[in-house]
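Everything below belongs to start_12.txt, which stores compact mmCIF, C-alpha atoms.
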# COMPACT_ATOMS: atom_id res chain seq x y z
CA MET Y 600 25.41 -9.51 -5.86
CA THR Y 601 25.29 -7.67 -2.55
CA TYR Y 602 27.04 -4.37 -1.97
CA TYR Y 603 27.81 -3.03 1.49
CA TRP Y 604 28.07 0.54 2.60
CA SER Y 605 30.04 1.08 5.78
CA PHE Y 606 30.47 4.20 7.89
CA ARG Y 607 31.33 5.10 11.45
CA VAL Y 608 28.71 6.35 13.85
CA PHE Y 609 29.75 8.43 16.84
CA ALA Y 610 27.44 9.05 19.76
CA ASP Y 611 27.87 11.71 22.41
CA LYS Y 612 27.89 10.19 25.93
CA ASN Y 613 25.63 12.95 27.27
CA SER Y 614 23.00 13.21 24.54
CA ASN Y 615 21.26 11.46 21.69
CA PHE Y 616 23.52 13.17 19.13
CA TYR Y 617 24.74 10.93 16.33
CA SER Y 618 27.12 11.88 13.57
CA THR Y 619 28.95 10.25 10.70
CA LYS Y 620 31.64 12.96 10.67
CA ASN Y 621 35.00 12.69 12.36
CA HIS Y 622 35.01 14.38 15.76
CA ASN Y 623 37.38 14.67 18.66
CA LEU Y 624 37.07 11.15 20.04
CA THR Y 625 37.59 12.29 23.65
CA ASN Y 626 33.90 13.34 23.75
CA PHE Y 627 32.60 10.07 22.32
CA PHE Y 628 32.58 6.46 23.38
CA PRO Y 629 33.93 3.85 20.94
CA SER Y 630 32.23 3.84 17.58
CA ASP Y 631 30.58 0.94 15.83
CA ILE Y 632 30.83 0.04 12.19
CA VAL Y 633 27.36 0.04 10.69
CA GLU Y 634 26.81 -1.87 7.46
CA MET Y 635 23.77 -1.36 5.30
CA THR Y 636 23.09 -3.26 2.12
CA ILE Y 637 21.67 -1.62 -0.93
CA ASN Y 638 18.84 -4.12 -0.65
CA HIS Y 639 18.11 -2.80 2.83
CA LEU Y 640 18.01 0.76 1.52
CA LYS Y 641 15.64 -0.33 -1.25
CA HIS Y 642 13.48 -2.02 1.38
CA ILE Y 643 13.30 1.21 3.39
CA ILE Y 644 12.29 3.19 0.30
CA MET Y 645 9.68 0.59 -0.67
CA GLU Y 646 8.20 0.65 2.86
CA GLU Y 647 7.89 4.43 2.69
CA LYS Y 648 6.15 4.18 -0.70
CA LYS Y 649 3.86 1.44 0.64
CA GLU Y 650 2.88 3.56 3.65
CA ALA Y 651 2.23 6.57 1.43
CA ARG Y 652 0.12 4.48 -0.98
CA GLU Y 653 -1.86 2.97 1.90
CA GLU Y 654 -2.52 6.40 3.42
CA ARG Y 655 -3.54 7.81 0.02
CA ASN Y 656 -5.93 4.87 -0.58
CA ARG Y 657 -7.36 5.14 2.95
CA GLU Y 658 -8.04 8.83 2.31
CA LYS Y 659 -9.68 8.10 -1.07
CA LEU Y 660 -11.92 5.36 0.31
CA ALA Y 661 -13.01 7.56 3.20
CA ASN Y 662 -13.71 10.74 1.23
CA ALA Y 663 -14.27 10.08 -2.49
CA ASP Y 664 -17.68 10.89 -3.90
CA TRP Y 665 -18.02 7.57 -5.79
CA ILE Y 666 -15.37 4.86 -5.64
CA MET Y 667 -15.13 1.11 -6.22
CA ALA Y 668 -12.38 -0.68 -4.32
CA GLU Y 669 -11.08 -4.06 -5.37
CA PHE Y 670 -9.18 -5.86 -2.62
CA TYR Y 671 -7.00 -8.49 -4.26
CA ALA Y 672 -3.90 -10.62 -3.77
CA THR Y 673 -1.22 -11.11 -6.42
CA TRP Y 674 -1.04 -14.84 -5.63
CA CYS Y 675 -4.82 -15.38 -5.88
CA PRO Y 676 -5.93 -17.22 -9.06
CA HIS Y 677 -9.43 -15.66 -8.90
CA CYS Y 678 -7.90 -12.20 -8.69
CA LYS Y 679 -5.68 -12.92 -11.68
CA ARG Y 680 -8.70 -14.00 -13.73
CA MET Y 681 -10.52 -10.81 -12.67
CA GLN Y 682 -7.67 -8.50 -13.74
CA PRO Y 683 -8.80 -8.01 -17.38
CA ILE Y 684 -12.40 -7.54 -16.23
CA VAL Y 685 -11.33 -4.90 -13.69
CA GLU Y 686 -9.31 -3.10 -16.38
CA GLU Y 687 -12.36 -3.08 -18.68
CA PHE Y 688 -14.52 -1.90 -15.76
CA LYS Y 689 -12.12 0.99 -15.12
CA LYS Y 690 -12.45 2.06 -18.77
CA SER Y 691 -16.23 1.78 -18.79
CA MET Y 692 -16.57 3.77 -15.53
CA GLU Y 693 -14.13 6.53 -16.47
CA GLY Y 694 -15.73 9.83 -15.52
CA THR Y 695 -18.39 8.08 -13.43
CA LEU Y 696 -16.39 6.73 -10.51
CA GLU Y 697 -12.83 5.92 -9.55
CA VAL Y 698 -11.66 2.32 -9.29
CA VAL Y 699 -8.95 1.65 -6.71
CA GLN Y 700 -7.12 -1.65 -6.50
CA VAL Y 701 -5.80 -2.54 -3.05
CA ASP Y 702 -3.19 -5.31 -2.76
CA ILE Y 703 -4.01 -6.96 0.58
CA ASP Y 704 -0.39 -8.04 1.09
CA GLN Y 705 0.93 -4.52 0.55
CA GLU Y 706 -1.88 -2.71 2.37
CA SER Y 707 -2.85 -5.18 5.08
CA ALA Y 708 -3.99 -2.50 7.56
CA LEU Y 709 -6.52 -1.23 5.02
CA ALA Y 710 -7.69 -4.79 4.30
CA ASP Y 711 -8.10 -5.36 8.03
CA PHE Y 712 -10.03 -2.11 8.43
CA TYR Y 713 -12.55 -3.26 5.79
CA THR Y 714 -12.58 -6.83 7.18
CA ILE Y 715 -11.51 -8.44 3.91
CA GLU Y 716 -11.64 -12.22 4.26
CA MET Y 717 -12.09 -13.38 0.66
CA TYR Y 718 -10.35 -12.31 -2.55
CA PRO Y 719 -11.19 -10.51 -4.64
CA THR Y 720 -13.67 -8.36 -2.71
CA PHE Y 721 -15.34 -5.38 -4.35
CA ILE Y 722 -16.76 -2.52 -2.28
CA LEU Y 723 -18.70 0.42 -3.69
CA LEU Y 724 -18.36 3.47 -1.45
CA ARG Y 725 -19.67 7.00 -1.40
CA LYS Y 726 -17.99 9.41 1.02
CA GLY Y 727 -16.81 6.47 3.13
CA GLU Y 728 -20.16 4.72 3.35
CA GLN Y 729 -20.28 1.16 2.00
CA LEU Y 730 -23.18 0.88 -0.42
CA TRP Y 731 -22.46 -2.53 -1.93
CA ARG Y 732 -20.00 -5.34 -1.30
CA GLN Y 733 -19.39 -8.67 -2.99
CA SER Y 734 -16.56 -11.19 -3.10
CA GLY Y 735 -15.40 -13.62 -5.75
CA GLU Y 736 -15.20 -13.58 -9.51
CA LEU Y 737 -17.85 -11.34 -11.06
CA PRO Y 738 -18.75 -10.58 -14.66
CA LEU Y 739 -18.27 -7.04 -15.93
CA GLU Y 740 -22.05 -6.64 -16.17
CA ARG Y 741 -22.48 -7.32 -12.43
CA LEU Y 742 -19.95 -4.63 -11.48
CA GLU Y 743 -21.60 -2.13 -13.83
CA LYS Y 744 -25.08 -3.05 -12.53
CA ALA Y 745 -24.00 -2.40 -8.92
CA VAL Y 746 -22.90 1.11 -9.86
CA LYS Y 747 -26.08 1.83 -11.85
CA GLU Y 748 -28.29 0.64 -8.97
CA PHE Y 749 -26.83 3.22 -6.61
CA LYS Y 750 -26.01 6.10 -8.95
CA SER Y 751 -29.41 6.39 -10.60

Represent the structure from my file as structure tokens, please.
Amino acid sequence: MTYYWSFRVFADKNSNFYSTKNHNLTNFFPSDIVEMTINHLKHIIMEEKKEAREERNREKLANADWIMAEFYATWCPHCKRMQPIVEEFKKSMEGTLEVVQVDIDQESALADFYTIEMYPTFILLRKGEQLWRQSGELPLERLEKAVKEFKS
């Protein structure tokens, strides 16, 4: 079911002033009816959240002391098989390093910045410097070994 929200928009001929209130129409040219769907409003909110998440993740990857990023896609069968392993890895690394999961469809600019071409791709970073990188399905032991190699 789609709901529509309609309101009048008035624009002053001599400025960029817009208002949804009733004004003396002699100062305004004819108004348009603007319709927005609730789905459109949800889309706007989701885009703002996506941009905030992407900026937060970009900041983490650039500045965190120790961080492992997993770049994945929700439609990728390899990524789906890695999900329980990544969850276990997060638990085993708690207090040692942060694990950030980056959905390449939601955060494409970040995936482009790190030149992600295969999924999943794991990158170990320290203060923005890439220390280790590997793509594909990996066992939990390989992820833990990568951290131990660089943290010891």

So that I can see what lies close to Ile722 (chain Y), please list as a PDB file with C-alpha atoms, in the frame of the given file the residues with an atom at most 6 Å from it, counting all atoms listed in the file and leaving out residues fewer than 2 positions away in the same chain.
ATOM      1  CA  MET Y 667     -15.130   1.110  -6.220  1.00  0.00           C
ATOM      2  CA  ALA Y 668     -12.380  -0.680  -4.320  1.00  0.00           C
ATOM      3  CA  TRP Y 731     -22.460  -2.530  -1.930  1.00  0.00           C
ATOM      4  CA  ARG Y 732     -20.000  -5.340  -1.300  1.00  0.00           C
TER       5      ARG Y 732
END

Selection near region 702-715 of chain Y, 8 Å with only C-alpha atoms, sequence-local residues under 2 positions removed, as a compact mmCIF listing (two decimals) with C-alpha atoms, keeping the file's coordinate frame:
# COMPACT_ATOMS: atom_id res chain seq x y z
CA LYS Y 649 3.86 1.44 0.64
CA GLU Y 650 2.88 3.56 3.65
CA GLU Y 653 -1.86 2.97 1.90
CA ARG Y 657 -7.36 5.14 2.95
CA PHE Y 670 -9.18 -5.86 -2.62
CA TYR Y 671 -7.00 -8.49 -4.26
CA ALA Y 672 -3.90 -10.62 -3.77
CA THR Y 673 -1.22 -11.11 -6.42
CA GLN Y 700 -7.12 -1.65 -6.50
CA MET Y 717 -12.09 -13.38 0.66
CA TYR Y 718 -10.35 -12.31 -2.55
CA THR Y 720 -13.67 -8.36 -2.71

Using only C-alpha atoms: which of Y:Glu647, Y:Glu687, Y:Glu669, Y:Glu693 has the shortest distance to Glu740 (chain Y) | Y:Glu687

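Ranking Y:Ala651, Y:Ala663, Y:Ile644, Y:Cys678 by their shortest atom-to-atom distance to Gly735 (chain Y), with all atoms listed in the file included, puts Y:Cys678 first.
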
Which protein, DNA or RNA residues are at most 10 Å from (-16.7, 5.7, 5.7) in the file's coordinates when you count all atoms listed in the file, listed as a count of residues only?
-> 13

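Using only C-alpha atoms, the shortest contact distance between Glu736 (chain Y) and any of Y:Val699, Y:Ile643, Y:Ile666, Y:Val685 is found at Y:Val685.
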
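The closest residue to Lys679 (chain Y), picked from Y:Asn656, Y:Pro719, Y:Trp665, Y:Val698 and counting only C-alpha atoms, is Y:Pro719.
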
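One distance worth recording is that between CA of Glu743 (chain Y) and CA of Glu654 (chain Y), which is 27.1 Å.
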